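Take a look at the structure below.
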Amino acid sequence: MPDLPTPQDATEAALFSECWDAVLSYADLCTSGSLTAHQLATEAFTLGMREVRAAGTVPARGPGRRAGRLPTIPELLTAVRNTAASWEADGEGHKLDPDLRLWLNSGQAARYTGPPLQRPVALRGLRDMQEADASLLWLAEVEALPLPTVARRLGLDPATVAEELDQVRGLFRDRCHRAHVDTPMDAQCRSYARLLDAVTRSPAADTPGDLSRHLATCVQCAEAAACLRLHGGGLPAALAGGVIGWGGLAYLERRRRAAEVRLGVGRPGAAEADGGDSDEKEGRSRVLRNGLLAAAVLLSLLALGVSMMPFDGSGGSGDDRAAAARDDRQPVADPADPDTAIATATDSTPSRTPSTTPSPTASKGRSDRRNPDPEPQGTSAATTSAGRPTRTTAPAAGCRVDYHLDSQWTDGFQATVTVTTDKALTDWQVAWRFRDGQQVGQMWDATVDQDGSRVTASAADYNKSVSAHGTLTFGFLGSWQGENRAPYDFTLNGAACVTN
C-alpha cells in the first residue's frame, strides 16, 4: 500500500485535509471494513493527487471553455471508483462491497469510462464548466458546506457568493442541456428534448402525461431532467449520482450528516459561528467541551455516591471513579521522569498501578496515571527504571493503539491513529497527550478538540460503530516546533490503551 503524498505547502496541506475526509467517506462505502477502506482511500488518494498535481490545482475564474477536468474532490472520488475497479479486475474484489462488485460488472459502470457522448449528463456538464465554478457548485450542493465556508475556500466575496451560486446553477443547466442534445438518442427521445427543456425551466410548469411516462422508462432522459430542473431540491442527487456513480446518493447523505455534526446544526448561534475559520473551530470545540463537562458532572456525582458507600478499606474503587471527574484538572507526571511517575502512581492509587507500553521514542519510563474510566478496565504493570521493582495488578488493556507518523516537514506533520478494541462500540472517543506542545490543525474521520497537550478525537457520524476485535482509524495534520515525539497516555472512551 503506497504512503500518502506529503503536502508541499500550507495551502496544499489544507486541501489534503478536506479532500481526504471525502475520499475516506466514499471508500468506506465501497469496502467491507474500516481497515480495507483506509487501504482503498490511501491508494486512490495517492493516485488522484498525482493526477491533480500534474494538471495544476489552482483554479482560474474567467470566460471561455476549459479542458474537461473535474474539481479536486470529485476527481479524487472518481479515483476511488477506478481503484475499486482495478481491485476487482486484479482478483481483489472480495475486499469490496458486494453491491459495488455487481455494479462494476454491469453495463452501468461502463457508462462512466465509455465513449464521452454516452456518459452521464451531469458528469459531462460539470466537466464543461470553469473549474472554480464547478468547485463552487460541488462544495455547496454535494459537500453541503455553508456558503460563507465555501466563499473562504474559493476566495470569493461572502456578500455575493449566493448570487454567484445561482448563476453557476444556471450555467450548469445550460451545459447539461447542450450535453443532452449532443447525446446520440433515438427518435422518440429526440422528439421530447425541446419539451423537456421547456417544462424544467419553470417550477409552475406541468409535465405532460406522455412526457412523464417517457421519463419513467428512459434512464437517459430522466437523468437529463434531474439536471435541468433546478427547483425542487433534486440537483445535489443529480450531481452526486451522475458524477460518482455507484453509492452517490449514500455519499451525499453522509456528507450532509457530517456537515451537520461538524458545524453543530441546530444549536443557537450556529450561523454566526460560521463567520470565520477561528469562529467555526471555536464553535465546534465549545460543543465538545460542553459535552465533556456534562459527563464530568455526572461522573462526579457518581464518585460522591460511591465514596460514601462502605468498602473493605482499600478505597481503590472510589478513587478510580473520582479520578474520572478530576482527570483533566490533575497535574500529569512527566513521562520522562520515572521517579515522578512512580511517586504519582503511589500517591494516587496504592492498590492499582496502571500503565501502558512505552512509546518507541521515549528514552525512560512512562508516567502512571489513574484510569479515568468509572468502571475499572485493567492495565498492566508500570514501566520503571533499572533496579526498581515492577508492580503488576490488573489484566491487559482492552484496546491497543498504533500511532504512525506518515510524513513530517519543517513545521508540520501528518499522522494516522489506528485503535483495536476488544469490545464492540456504538460510539467512541480516543484521547492522548502530546509531549512537545504539538497542535492538531485538521482531522479527518473524527472531530478534534484540544486543550493544552490533551487531544480528544470523537467519532464521525458515519463511523461510530466498531465490532468487537475491530479497528477504528483516523488521521490528522499537526504543527510542531523543536521536537515531534510520539504522543502518550492513549485512552479509548476513558479506558487506558496499550501503545504498539
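In the C-alpha cells, each chain is lettered A, B, ... as it comes, each chain's residues begin at 1, and ligands are numbered from 1 in order of appearance.
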Excluding A:Pro115 and its own-chain neighbours fewer than 4 positions away, which residues fall within 12 Å of it when counting only C-alpha atoms? Please give them as number ranges by chain. A: 110-111, 119-120, 124, 183-184
Generate a file of the selected residues that holds C-alpha atoms, formatted as a CSV table (one decimal), in the first residue's frame.
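Dumped everything to out-v2.csv:
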chain,number,residue,atom,x,y,z
A,110,ALA,CA,-19.1,1.2,-18.4
A,111,ARG,CA,-21.0,4.4,-18.9
A,119,ARG,CA,-21.5,9.3,-20.3
A,120,PRO,CA,-24.0,10.7,-17.7
A,124,ARG,CA,-20.3,16.0,-18.9
A,183,THR,CA,-26.2,12.7,-26.9
A,184,PRO,CA,-26.9,10.1,-29.5
As a PyMOL selection string, please: the residues near A:Leu477 (cut-off 7 Å, only C-alpha atoms, same-chain neighbours under 6 positions excluded). chain A and resi 413-415+440-443
Considering only C-alpha atoms, state which residue in the set A:Asp422, A:Glu223, A:Asp451, A:Asp128 is at the smallest distance from A:Cys497.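 Ranked by minimum distance to A:Cys497, first place goes to A:Asp422.
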Would you please extract all strand (DSSP E) residues from stretch 412-445 of chain A, as assigned by DSSP on the backbone, and give them as an MDAnalysis selection string? chainID A and resid 412:421 429:433 439:444
Please provide as JSON, numbers by chain all residues within 7 Å of stretch 401-405 of chain A, with the sequence filter that same-chain residues fewer than 3 positions apart are discarded (counting only C-alpha atoms). {"A": [414, 415, 416, 417, 418, 419, 420, 497, 498, 499, 500]}
Written selection (N, CA, C and O atoms) as a compact mmCIF listing (two decimals), in the first residue's frame:
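As a result, selection.txt now contains:
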# COMPACT_ATOMS: atom_id res chain seq x y z
N GLN A 414 1.95 14.81 9.36
CA GLN A 414 0.69 14.07 9.16
C GLN A 414 0.83 12.73 9.87
O GLN A 414 1.85 12.06 9.76
N ALA A 415 -0.21 12.34 10.61
CA ALA A 415 -0.16 11.10 11.38
C ALA A 415 -1.48 10.36 11.26
O ALA A 415 -2.53 10.95 10.97
N THR A 416 -1.42 9.04 11.48
CA THR A 416 -2.60 8.18 11.47
C THR A 416 -2.65 7.41 12.79
O THR A 416 -1.63 6.90 13.25
N VAL A 417 -3.82 7.35 13.38
CA VAL A 417 -4.04 6.62 14.63
C VAL A 417 -4.99 5.46 14.34
O VAL A 417 -6.09 5.67 13.80
N THR A 418 -4.57 4.24 14.66
CA THR A 418 -5.40 3.05 14.49
C THR A 418 -5.58 2.40 15.86
O THR A 418 -4.59 2.11 16.55
N VAL A 419 -6.82 2.18 16.25
CA VAL A 419 -7.13 1.61 17.56
C VAL A 419 -7.87 0.29 17.36
O VAL A 419 -8.86 0.24 16.61
N THR A 420 -7.38 -0.76 17.99
CA THR A 420 -8.06 -2.05 18.00
C THR A 420 -8.76 -2.23 19.34
O THR A 420 -8.14 -2.08 20.39
N CYS A 497 -5.20 2.50 27.02
CA CYS A 497 -4.88 1.57 25.94
C CYS A 497 -3.38 1.27 25.94
O CYS A 497 -2.56 2.08 26.35
N VAL A 498 -3.05 0.10 25.42
CA VAL A 498 -1.65 -0.27 25.19
C VAL A 498 -1.20 0.33 23.87
O VAL A 498 -1.94 0.32 22.89
N THR A 499 -0.01 0.93 23.85
CA THR A 499 0.54 1.52 22.63
C THR A 499 1.49 0.55 21.98
O THR A 499 2.43 0.08 22.61
N ASN A 500 1.23 0.24 20.71
CA ASN A 500 2.09 -0.71 19.99
C ASN A 500 3.40 -0.05 19.61
O ASN A 500 3.49 1.15 19.45
Distance criterion (only C-alpha atoms): nearest to A:Leu76 out of A:Phe476, A:Trp20, A:Tyr112, A:Tyr192: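 Looking at the shortest contact to A:Leu76, the residue is A:Trp20.
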Work out how far apart atom CA of A:Gly470 and atom CA of A:Gly398 are and give it in Å to one decimal.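 Atom CA of A:Gly470 sits 11.6 Å away from atom CA of A:Gly398.
Closest approach to A:Arg81 from the set A:Val243, A:Ala459, A:Ala224, A:Leu15 is made by A:Val243, with distances taken over only C-alpha atoms.
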So, counting only C-alpha atoms, which residue among A:Ala162, A:Leu472, A:Leu139, A:Val261 is closest to A:Thr447?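 The answer is A:Val261, which sits nearest to A:Thr447.
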Separating atom CA of A:Ser479 from atom CA of A:Thr410, to the nearest tenth of an Å, is a gap of 9.1 Å
